[in-house]
Every structure is written in C-alpha cells, then in structure tokens.
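One file, coords.pdb, carrying PDB, C-alpha atoms and all ligand atoms:
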MODEL        1
ATOM      1  CA  MET A 468      91.162  67.100 206.295
ATOM      2  CA  GLU A 469      92.942  70.356 205.586
ATOM      3  CA  LEU A 470      95.986  70.092 203.304
ATOM      4  CA  THR A 471      98.210  72.447 205.297
ATOM      5  CA  GLY A 472     101.261  70.563 206.585
ATOM      6  CA  ARG A 473     100.213  67.292 204.883
ATOM      7  CA  VAL A 474     102.206  64.920 202.704
ATOM      8  CA  ALA A 475     100.477  63.867 199.484
ATOM      9  CA  VAL A 476     101.215  61.407 196.698
ATOM     10  CA  LEU A 477      99.507  61.622 193.299
ATOM     11  CA  THR A 478      99.521  59.437 190.189
ATOM     12  CA  GLY A 479      98.785  60.660 186.678
ATOM     13  CA  ALA A 480      99.700  64.147 187.841
ATOM     14  CA  GLY A 481     101.843  65.287 184.929
ATOM     15  CA  HIS A 482      98.826  66.742 183.143
ATOM     16  CA  GLY A 483      95.159  67.554 183.562
ATOM     17  CA  ILE A 484      93.241  66.943 186.778
ATOM     18  CA  GLY A 485      96.178  65.364 188.655
ATOM     19  CA  ALA A 486      98.509  68.270 187.847
ATOM     20  CA  ALA A 487      95.854  70.776 188.964
ATOM     21  CA  MET A 488      95.325  68.864 192.228
ATOM     22  CA  ALA A 489      99.081  68.733 192.912
ATOM     23  CA  ARG A 490      99.422  72.487 192.354
ATOM     24  CA  ARG A 491      96.343  73.217 194.484
ATOM     25  CA  PHE A 492      97.730  71.051 197.317
ATOM     26  CA  GLY A 493     100.965  73.069 197.047
ATOM     27  CA  ALA A 494      99.025  76.334 197.275
ATOM     28  CA  ALA A 495      97.180  74.965 200.323
ATOM     29  CA  GLY A 496     100.513  74.571 202.141
ATOM     30  CA  ALA A 497     101.165  70.835 201.856
ATOM     31  CA  ARG A 498     104.472  69.884 203.533
ATOM     32  CA  GLY A 499     105.521  67.614 200.683
ATOM     33  CA  ILE A 500     104.024  66.458 197.382
ATOM     34  CA  VAL A 501     105.141  63.454 195.347
ATOM     35  CA  VAL A 502     104.028  64.084 191.769
ATOM     36  CA  SER A 503     104.122  60.989 189.551
ATOM     37  CA  ASP A 504     103.170  60.197 185.984
ATOM     38  CA  LEU A 505     104.018  57.778 183.188
ATOM     39  CA  ASP A 506     105.367  60.927 181.541
ATOM     40  CA  GLY A 507     108.274  61.565 183.940
ATOM     41  CA  ALA A 508     109.292  64.885 182.373
ATOM     42  CA  ALA A 509     105.757  66.260 182.825
ATOM     43  CA  ALA A 510     105.709  65.120 186.477
ATOM     44  CA  GLU A 511     109.050  66.863 187.065
ATOM     45  CA  GLU A 512     107.723  70.055 185.460
ATOM     46  CA  VAL A 513     104.661  70.075 187.718
ATOM     47  CA  ALA A 514     106.870  69.510 190.787
ATOM     48  CA  GLU A 515     109.175  72.330 189.670
ATOM     49  CA  SER A 516     106.241  74.716 189.315
ATOM     50  CA  ILE A 517     105.130  73.855 192.868
ATOM     51  CA  ASN A 518     108.653  74.425 194.214
ATOM     52  CA  HIS A 519     108.901  77.677 192.259
ATOM     53  CA  ALA A 520     105.689  78.850 193.954
ATOM     54  CA  GLY A 521     107.231  78.185 197.392
ATOM     55  CA  GLY A 522     106.023  74.604 197.981
ATOM     56  CA  ARG A 523     107.959  71.336 198.355
ATOM     57  CA  ALA A 524     107.528  68.709 195.671
ATOM     58  CA  VAL A 525     109.360  66.005 193.780
ATOM     59  CA  GLY A 526     108.375  64.645 190.365
ATOM     60  CA  LEU A 527     109.106  61.214 188.899
ATOM     61  CA  ARG A 528     108.081  58.632 186.322
ATOM     62  CA  VAL A 529     105.823  55.902 187.654
ATOM     63  CA  ASP A 530     103.478  53.407 186.018
ATOM     64  CA  ALA A 531     100.378  53.523 188.183
ATOM     65  CA  ALA A 532      99.403  50.060 186.924
ATOM     66  CA  ALA A 533     102.486  48.575 188.655
ATOM     67  CA  LYS A 534     102.094  47.853 192.371
ATOM     68  CA  ASP A 535     105.838  48.067 193.065
ATOM     69  CA  ASP A 536     105.896  51.570 191.534
ATOM     70  CA  LEU A 537     103.078  52.624 193.872
ATOM     71  CA  ARG A 538     104.921  51.176 196.867
ATOM     72  CA  ALA A 539     108.015  53.162 195.858
ATOM     73  CA  LEU A 540     105.923  56.359 195.949
ATOM     74  CA  VAL A 541     104.898  55.706 199.551
ATOM     75  CA  GLU A 542     108.506  54.954 200.519
ATOM     76  CA  LEU A 543     109.688  58.171 198.864
ATOM     77  CA  ALA A 544     107.040  60.239 200.684
ATOM     78  CA  VAL A 545     107.972  58.756 204.064
ATOM     79  CA  GLU A 546     111.721  59.045 203.476
ATOM     80  CA  ARG A 547     111.715  62.571 202.075
ATOM     81  CA  TYR A 548     108.815  64.248 203.891
ATOM     82  CA  GLY A 549     108.455  62.096 207.007
ATOM     83  CA  GLY A 550     105.023  60.559 206.426
ATOM     84  CA  LEU A 551     102.039  59.998 204.168
ATOM     85  CA  ASP A 552      98.677  61.665 204.688
ATOM     86  CA  VAL A 553      97.011  61.623 201.259
ATOM     87  CA  PHE A 554      97.211  59.154 198.361
ATOM     88  CA  CYS A 555      95.434  60.286 195.171
ATOM     89  CA  SER A 556      95.268  57.423 192.687
ATOM     90  CA  ASN A 557      94.264  59.481 189.690
ATOM     91  CA  ALA A 558      95.697  57.985 186.489
ATOM     92  CA  GLY A 559      93.049  56.433 184.264
ATOM     93  CA  ILE A 560      92.442  55.085 180.789
ATOM     94  CA  ALA A 561      89.499  55.294 178.373
ATOM     95  CA  TYR A 562      89.488  53.550 174.994
ATOM     96  CA  GLY A 563      86.055  54.710 173.819
ATOM     97  CA  VAL A 564      85.077  51.149 172.934
ATOM     98  CA  GLY A 565      82.085  48.855 173.399
ATOM     99  CA  VAL A 566      81.601  45.403 174.840
ATOM    100  CA  TYR A 567      83.540  43.756 171.958
ATOM    101  CA  ALA A 568      86.773  45.558 172.915
ATOM    102  CA  GLU A 569      89.816  43.270 172.817
ATOM    103  CA  ASP A 570      90.578  41.453 176.080
ATOM    104  CA  GLU A 571      93.856  43.397 176.338
ATOM    105  CA  ARG A 572      91.868  46.643 176.531
ATOM    106  CA  TRP A 573      89.464  45.247 179.129
ATOM    107  CA  GLN A 574      92.443  43.970 181.131
ATOM    108  CA  HIS A 575      94.374  47.236 180.974
ATOM    109  CA  SER A 576      91.211  49.152 181.945
ATOM    110  CA  PHE A 577      90.863  46.901 184.992
ATOM    111  CA  ALA A 578      94.585  47.225 185.795
ATOM    112  CA  LEU A 579      94.604  51.011 185.774
ATOM    113  CA  ASN A 580      91.023  52.009 186.637
ATOM    114  CA  VAL A 581      90.446  49.390 189.356
ATOM    115  CA  LEU A 582      93.542  47.495 190.522
ATOM    116  CA  GLN A 583      95.595  50.705 190.765
ATOM    117  CA  HIS A 584      93.231  51.873 193.529
ATOM    118  CA  VAL A 585      93.317  48.462 195.245
ATOM    119  CA  HIS A 586      97.124  48.491 195.192
ATOM    120  CA  ALA A 587      97.276  52.130 196.339
ATOM    121  CA  ALA A 588      95.175  51.184 199.375
ATOM    122  CA  GLN A 589      97.360  48.136 200.043
ATOM    123  CA  VAL A 590     100.616  50.127 200.010
ATOM    124  CA  ALA A 591      99.327  53.305 201.709
ATOM    125  CA  LEU A 592      97.135  51.869 204.482
ATOM    126  CA  PRO A 593      99.881  50.397 206.721
ATOM    127  CA  THR A 594     101.530  53.837 207.160
ATOM    128  CA  MET A 595      98.160  55.599 207.501
ATOM    129  CA  LEU A 596      96.765  53.080 209.990
ATOM    130  CA  ARG A 597      99.867  53.408 212.166
ATOM    131  CA  ALA A 598      99.171  57.155 212.324
ATOM    132  CA  ARG A 599      95.399  56.507 212.666
ATOM    133  CA  ASN A 600      95.034  59.171 210.002
ATOM    134  CA  GLY A 601      95.037  59.193 206.226
ATOM    135  CA  TYR A 602      93.052  60.047 203.129
ATOM    136  CA  LEU A 603      92.570  57.937 200.000
ATOM    137  CA  VAL A 604      91.286  59.936 197.026
ATOM    138  CA  ILE A 605      90.215  57.715 194.145
ATOM    139  CA  THR A 606      89.671  59.410 190.801
ATOM    140  CA  ALA A 607      86.640  57.612 189.381
ATOM    141  CA  SER A 608      84.240  59.504 187.087
ATOM    142  CA  SER A 609      80.558  60.323 186.763
ATOM    143  CA  ALA A 610      80.727  57.244 184.477
ATOM    144  CA  GLY A 611      81.143  55.319 187.740
ATOM    145  CA  LEU A 612      77.705  56.503 188.870
ATOM    146  CA  LEU A 613      75.777  57.040 185.641
ATOM    147  CA  THR A 614      77.379  54.841 182.931
ATOM    148  CA  LEU A 615      78.880  56.373 179.815
ATOM    149  CA  PRO A 616      77.258  55.351 176.521
ATOM    150  CA  GLY A 617      79.918  54.347 173.997
ATOM    151  CA  ASP A 618      82.524  53.094 176.486
ATOM    152  CA  ALA A 619      81.869  49.763 178.194
ATOM    153  CA  PRO A 620      85.252  49.114 179.885
ATOM    154  CA  TYR A 621      85.392  52.680 181.210
ATOM    155  CA  SER A 622      81.850  52.543 182.661
ATOM    156  CA  VAL A 623      82.349  49.125 184.244
ATOM    157  CA  THR A 624      85.762  49.865 185.759
ATOM    158  CA  LYS A 625      84.787  53.314 187.047
ATOM    159  CA  HIS A 626      81.750  51.744 188.765
ATOM    160  CA  ALA A 627      84.171  49.313 190.405
ATOM    161  CA  ALA A 628      86.356  52.233 191.530
ATOM    162  CA  VAL A 629      83.345  53.868 193.232
ATOM    163  CA  ALA A 630      82.433  50.531 194.853
ATOM    164  CA  LEU A 631      85.977  50.191 196.178
ATOM    165  CA  ALA A 632      85.844  53.712 197.635
ATOM    166  CA  GLU A 633      82.565  52.846 199.387
ATOM    167  CA  TRP A 634      84.017  49.586 200.697
ATOM    168  CA  LEU A 635      87.182  51.256 202.011
ATOM    169  CA  ALA A 636      85.142  54.035 203.660
ATOM    170  CA  LEU A 637      82.897  51.518 205.424
ATOM    171  CA  THR A 638      85.781  49.306 206.501
ATOM    172  CA  TYR A 639      88.309  51.884 207.717
ATOM    173  CA  HIS A 640      86.163  54.824 208.858
ATOM    174  CA  THR A 641      86.535  54.006 212.538
ATOM    175  CA  ARG A 642      90.320  53.712 212.190
ATOM    176  CA  GLY A 643      90.966  57.271 211.030
ATOM    177  CA  ILE A 644      90.957  56.677 207.275
ATOM    178  CA  LYS A 645      88.995  59.040 205.028
ATOM    179  CA  VAL A 646      87.996  58.084 201.491
ATOM    180  CA  SER A 647      86.615  60.060 198.571
ATOM    181  CA  ALA A 648      85.666  59.070 195.026
ATOM    182  CA  LEU A 649      86.116  61.900 192.557
ATOM    183  CA  CYS A 650      83.322  61.750 189.959
ATOM    184  CA  PRO A 651      83.469  64.564 187.405
ATOM    185  CA  LEU A 652      81.545  64.828 184.152
ATOM    186  CA  GLY A 653      83.458  66.550 181.328
ATOM    187  CA  VAL A 654      86.755  68.264 182.160
ATOM    188  CA  ARG A 655      88.801  70.192 179.608
ATOM    189  CA  THR A 656      91.890  67.917 179.378
ATOM    190  CA  PRO A 657      93.695  65.962 176.636
ATOM    191  CA  PHE A 658      92.014  62.817 178.027
ATOM    192  CA  LEU A 659      88.632  64.048 176.789
ATOM    193  CA  PHE A 660      89.736  65.925 173.689
ATOM    194  CA  ASP A 661      91.827  63.022 172.354
ATOM    195  CA  GLY A 662      88.537  61.080 172.357
ATOM    196  CA  VAL A 663      86.665  63.941 170.697
ATOM    197  CA  ASP A 664      89.367  64.208 168.006
ATOM    198  CA  ALA A 665      89.249  60.433 167.437
ATOM    199  CA  GLY A 666      85.451  60.649 166.965
ATOM    200  CA  HIS A 667      84.625  58.379 169.933
ATOM    201  CA  PRO A 668      80.851  58.389 170.633
ATOM    202  CA  ALA A 669      81.670  58.281 174.366
ATOM    203  CA  ALA A 670      83.498  61.606 174.154
ATOM    204  CA  ALA A 671      80.587  63.120 172.209
ATOM    205  CA  ALA A 672      78.228  61.802 174.909
ATOM    206  CA  VAL A 673      80.302  63.505 177.620
ATOM    207  CA  LEU A 674      80.044  66.807 175.746
ATOM    208  CA  ALA A 675      76.254  66.332 175.533
ATOM    209  CA  MET A 676      75.871  65.449 179.236
ATOM    210  CA  GLY A 677      76.852  68.772 180.757
ATOM    211  CA  PRO A 678      79.107  71.807 180.716
ATOM    212  CA  LEU A 679      82.859  71.304 180.530
ATOM    213  CA  ILE A 680      84.864  72.589 183.464
ATOM    214  CA  GLU A 681      88.594  73.250 183.925
ATOM    215  CA  PRO A 682      90.987  70.944 185.822
ATOM    216  CA  GLU A 683      91.489  73.801 188.315
ATOM    217  CA  ASP A 684      87.739  73.748 189.094
ATOM    218  CA  VAL A 685      88.027  70.031 189.851
ATOM    219  CA  ALA A 686      91.045  70.638 192.125
ATOM    220  CA  GLU A 687      89.060  73.281 194.022
ATOM    221  CA  ALA A 688      86.153  70.841 194.458
ATOM    222  CA  VAL A 689      88.572  68.174 195.739
ATOM    223  CA  VAL A 690      90.091  70.447 198.371
ATOM    224  CA  SER A 691      86.706  71.599 199.676
ATOM    225  CA  ALA A 692      85.275  68.049 199.691
ATOM    226  CA  MET A 693      88.384  66.837 201.550
ATOM    227  CA  ALA A 694      87.891  69.593 204.146
ATOM    228  CA  GLU A 695      84.387  68.177 204.726
ATOM    229  CA  GLU A 696      85.542  64.559 204.253
ATOM    230  CA  ARG A 697      82.775  63.799 201.745
ATOM    231  CA  LEU A 698      82.632  60.365 200.107
ATOM    232  CA  LEU A 699      81.522  61.573 196.670
ATOM    233  CA  ILE A 700      83.211  64.554 195.049
ATOM    234  CA  LEU A 701      80.874  65.919 192.385
ATOM    235  CA  PRO A 702      82.418  68.965 190.700
ATOM    236  CA  HIS A 703      79.371  69.041 188.378
ATOM    237  CA  PRO A 704      76.285  69.313 190.639
ATOM    238  CA  SER A 705      74.113  68.037 187.741
ATOM    239  CA  ALA A 706      75.818  64.613 188.018
ATOM    240  CA  GLY A 707      74.521  64.285 191.588
ATOM    241  CA  GLU A 708      71.018  65.284 190.505
ATOM    242  CA  THR A 709      71.000  62.724 187.668
ATOM    243  CA  TYR A 710      72.377  60.079 190.050
ATOM    244  CA  ALA A 711      69.469  60.735 192.433
ATOM    245  CA  ARG A 712      66.962  60.436 189.542
ATOM    246  CA  LYS A 713      68.619  57.178 188.459
ATOM    247  CA  ALA A 714      68.245  55.759 191.992
ATOM    248  CA  ALA A 715      64.582  56.812 192.073
ATOM    249  CA  SER A 716      63.773  55.290 188.667
ATOM    250  CA  PRO A 717      66.463  53.401 186.700
ATOM    251  CA  ASP A 718      64.113  52.909 183.728
ATOM    252  CA  GLU A 719      63.273  56.593 183.514
ATOM    253  CA  TRP A 720      67.027  57.338 183.696
ATOM    254  CA  ILE A 721      67.688  55.011 180.699
ATOM    255  CA  ARG A 722      65.031  56.884 178.663
ATOM    256  CA  GLU A 723      66.393  60.269 179.762
ATOM    257  CA  THR A 724      69.992  59.292 178.902
ATOM    258  CA  LEU A 725      69.075  57.952 175.457
ATOM    259  CA  ALA A 726      67.071  61.080 174.655
ATOM    260  CA  ALA A 727      70.040  63.310 175.544
ATOM    261  CA  LEU A 728      72.533  61.536 173.272
ATOM    262  CA  PRO A 729      73.706  63.425 170.172
ATOM    263  CA  ASN A 730      72.194  60.780 167.818
ATOM    264  CA  GLY A 731      69.462  59.658 170.198
ATOM    265  CA  LYS A 732      70.918  56.179 170.765
ATOM    266  CA  GLY A 733      73.689  54.427 172.705
TER     267      GLY A 733
HETATM  268  N1  LIG B 801      88.750  64.699 181.532
HETATM  269  C1  LIG B 801      87.558  64.267 181.871
HETATM  270  O1  LIG B 801      86.542  64.676 181.277
HETATM  271  C2  LIG B 801      87.404  63.282 183.006
HETATM  272  C3  LIG B 801      86.113  63.085 183.545
HETATM  273  C4  LIG B 801      85.951  62.155 184.578
HETATM  274  C5  LIG B 801      87.045  61.479 185.086
HETATM  275  N2  LIG B 801      88.284  61.700 184.548
HETATM  276  C6  LIG B 801      89.392  60.918 185.131
HETATM  277  O2  LIG B 801      90.395  61.796 185.569
HETATM  278  C7  LIG B 801      91.656  61.123 185.596
HETATM  279  C8  LIG B 801      92.708  62.017 184.976
HETATM  280  O3  LIG B 801      92.324  62.321 183.665
HETATM  281  P1  LIG B 801      92.617  63.744 182.983
HETATM  282  O4  LIG B 801      91.352  64.170 182.336
HETATM  283  O5  LIG B 801      93.315  64.638 183.900
HETATM  284  O6  LIG B 801      93.578  63.231 181.804
HETATM  285  P2  LIG B 801      94.989  63.771 181.244
HETATM  286  O7  LIG B 801      95.200  63.011 179.988
HETATM  287  O8  LIG B 801      95.000  65.252 181.212
HETATM  288  O9  LIG B 801      95.988  63.279 182.364
HETATM  289  C9  LIG B 801      96.121  61.922 182.677
HETATM  290  C10 LIG B 801      97.545  61.655 183.062
HETATM  291  O10 LIG B 801      97.676  60.278 183.421
HETATM  292  C11 LIG B 801      98.909  59.818 182.912
HETATM  293  N3  LIG B 801      98.878  58.368 182.801
HETATM  294  C12 LIG B 801      98.236  57.600 181.872
HETATM  295  N4  LIG B 801      98.481  56.289 182.106
HETATM  296  C13 LIG B 801      99.275  56.237 183.200
HETATM  297  C14 LIG B 801      99.867  55.181 183.940
HETATM  298  N5  LIG B 801      99.722  53.887 183.588
HETATM  299  N6  LIG B 801     100.627  55.495 185.020
HETATM  300  C15 LIG B 801     100.807  56.778 185.388
HETATM  301  N7  LIG B 801     100.287  57.826 184.721
HETATM  302  C16 LIG B 801      99.531  57.551 183.645
HETATM  303  C17 LIG B 801      99.083  60.533 181.587
HETATM  304  O11 LIG B 801     100.451  60.562 181.182
HETATM  305  C18 LIG B 801      98.540  61.913 181.923
HETATM  306  O12 LIG B 801      99.549  62.776 182.392
HETATM  307  C19 LIG B 801      91.434  59.781 184.867
HETATM  308  O13 LIG B 801      91.313  58.751 185.842
HETATM  309  C20 LIG B 801      90.095  59.985 184.160
HETATM  310  O14 LIG B 801      89.385  58.777 183.989
HETATM  311  C21 LIG B 801      88.483  62.567 183.531
ENDMDL
END

Encoded form using structure tokens:
Amino acid sequence: MELTGRVAVLTGAGHGIGAAMARRFGAAGARGIVVSDLDGAAAEEVAESINHAGGRAVGLRVDAAAKDDLRALVELAVERYGGLDVFCSNAGIAYGVGVYAEDERWQHSFALNVLQHVHAAQVALPTMLRARNGYLVITASSAGLLTLPGDAPYSVTKHAAVALAEWLALTYHTRGIKVSALCPLGVRTPFLFDGVDAGHPAAAAVLAMGPLIEPEDVAEAVVSAMAEERLLILPHPSAGETYARKAASPDEWIRETLAALPNGKG
C-alpha cells in the first residue's frame, strides 16, 4: 500500500518511532493523520509539524491501553478525514525486569504490548472490512523474534504481538487486510536510553546486539515494507539473519546469544 491519499492513525506517536512514522506518512502525502500519545502535548506538536509541512494531521492525548480511547481514534479519523486505511498500534512498554517482576508489571506489559493490538484490530477492522482495504501495522520488536535477555515481560509480550500479526494476516488476507509486524533492534529513542541510564541489562544487551539506528530510518523501512506489503518489517537486516539461524538451530542460537552478551550471561 502506498501512503498517498490514505488516512492513518498512530498510537505512541508523540516521540520516537511513532513520531517519525507520522511525519513520514505526512511527507508521503497521506490525506489525514491522527497522531495520538499519552503525552497529548507531544502528539499535538507532531501534528502541528506535519501541518506546517503541508500535510493534514490532528494530535490528541490517548491511552493506548484503553479500548474506548482506540475506538475514539477510529471515529475521529472517519469523521474528520472520511475513512481509515492504516492503524499503527505503536505504543509499548519495557520495564527491564526478569520473571519475578510484579504481577502489575506483567499485566501492564500484556495490556499495552499485546491487548492494545487486539483492541486496535477489533475497532479498526469493521471500517476496513467494509472498504475491503486496510493495513494494520503492529509495532513489536526484534525481541518478539529473538528474545531479549534481561527483560522477560517484554520478550514474552512482543512474541505475542508477532503471533497476533501472523494470525491476523492469515485470517484476513483474502478480505483486503494487510498486516505487518515492525521488529527493530536498537533505535535511538528515549525508550532505549532511559533503560541504558537506569542500568537495565536488557538495554545493555540491545546495545550489544547490533548497531543503533534513528527513528527516521525505521519510518523509511516501514513505508517501503508497506509498499511491498511485507509481514515482517526488519529495519536491521541482521535481526532477520539471526532469526533464520535461530529457526535452523535453536540451541546454537542460545549459545550464540549468551556469547554476545556484555557479561557473557543472561
Ligand atoms: N527504541 C528501541 O530500541 C525499540 C526497539 C524495538 C521496538 N521498539 C518499540 O517501538 C515502540 C515505540 O518506542 P520508541 O522507541 O519510539 O519509544 P519512545 O519512548 O521514543 O516513544 C514511545 C511513546 O509512547 C508513548 N506511550 C507510552 N505509553 C503509552 C500509552 N499507554 N498510550 C499511549 N502512548 C503511550 C510515550 O509517551 C512515547 O511518546 C514501542 O512499542 C517499543 O517497544 C523500540
């Protein structure tokens, strides 16, 4: 799908990868962009920058973990721009914690990193299916393919996000619905550097796993993958190569991953 003339909704788009995607969609000639974030002021700023550059966007505060908020985004897109072509559920959370994380952290990880995408599909699909056309872009992570040492809830929930993308693609492909799971390794955003600053082993592992790229690089990869309607968006090609080695030999992949860690253990 080309973005020209399309209507897109994004969550977690006040900063980082989501903001870069929203701006890139604007540059590609999207007809309308609904930019949302828990940080409403940041979402409004991103929308303003798109409008300033000649696009059409609106920014607002939304909690992506709340289904009613997601439904309101779809309604706004339809009301203001006359339809909905693309829903990017992008907000995510990482605590940098192991299996003994408090239940509240496991539950919030599931709410934002998994159920958000389920709810986005539930609220977006009726409009998309009526048009027999639509695109669901789920921001997962390479941690959804490869597992991130040091962060159990993040690895588990991002795997679930990839599984959901696969399930949606299989189920709705013949009805005009496209699905992609975005799976970057390290991207230079506050999300990663807050973890680095806090000394989380998971953030250190990300730094050890491959080169950092900019949010704008990720946005570019998203637009070209959407043009080809590819299921997996891998802005770091090395993640795809490691994923193939993992499929060929999971035990060898465990040894390889442990050897690459900064302190040589998980
Ligand atoms: N940065 C990386 O290295 C990296 C790598 C792989 C995947 N990701 C994924 O990319 C996505 C975006 O992360 P980023 O790196 O751009 O982070 P970021 O911190 O730059 O931006 C995330 C945005 O999400 C917003 N947000 C947080 N909770 C929210 C909620 N409940 N509702 C709505 N908005 C909320 C934040 O306010 C922030 O603006 C996440 O899903 C993350 O897991 C990031």

Here's a test: counting all atoms listed in the file, identify every protein, DNA and RNA residue with an atom at most 12 Å from (96.5, 68.1, 186.5) in the file's coordinate frame, and state them as number ranges by chain.
A: 477-492, 502-504, 509-510, 512-514, 555, 557-558, 606, 654-658, 681-687

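Our summary of the geometry notes that CA of Val673 in chain A is positioned 26.6 Å from CA of Asp530 in chain A.
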
Counting only C-alpha atoms and all ligand atoms, the option among A:Ala665, A:Leu649, A:Met676, A:Ala627 closest to ligand LIG 801 (chain B)
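Nearest candidate to ligand LIG 801 (chain B) out of A:Ala665, A:Leu649, A:Met676, A:Ala627: A:Leu649.
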
Hey, what's within 10 Å of Ala711 in chain A if we count all atoms listed in the file and toss same-chain stuff fewer than 5 positions away? As a list in words, please?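 Selected residues are Leu612, Leu613, Ser705, Ala706, Ser716, Pro717 and Trp720 of chain A.
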
Starting from the PyMOL selection byres (((chain A and resi 543) around 12) and not hetatm), expand the selection into actual residues of this file and give them as JSON, numbers by chain.
{"A": [474, 475, 476, 499, 500, 501, 502, 503, 524, 525, 526, 527, 536, 537, 538, 539, 540, 541, 542, 544, 545, 546, 547, 548, 549, 550, 551, 591]}

Judged by all atoms listed in the file, the minimum distance to Leu728 in chain A among A:Ala694, A:Ile700, A:Leu635, A:Leu615 is found for A:Leu615
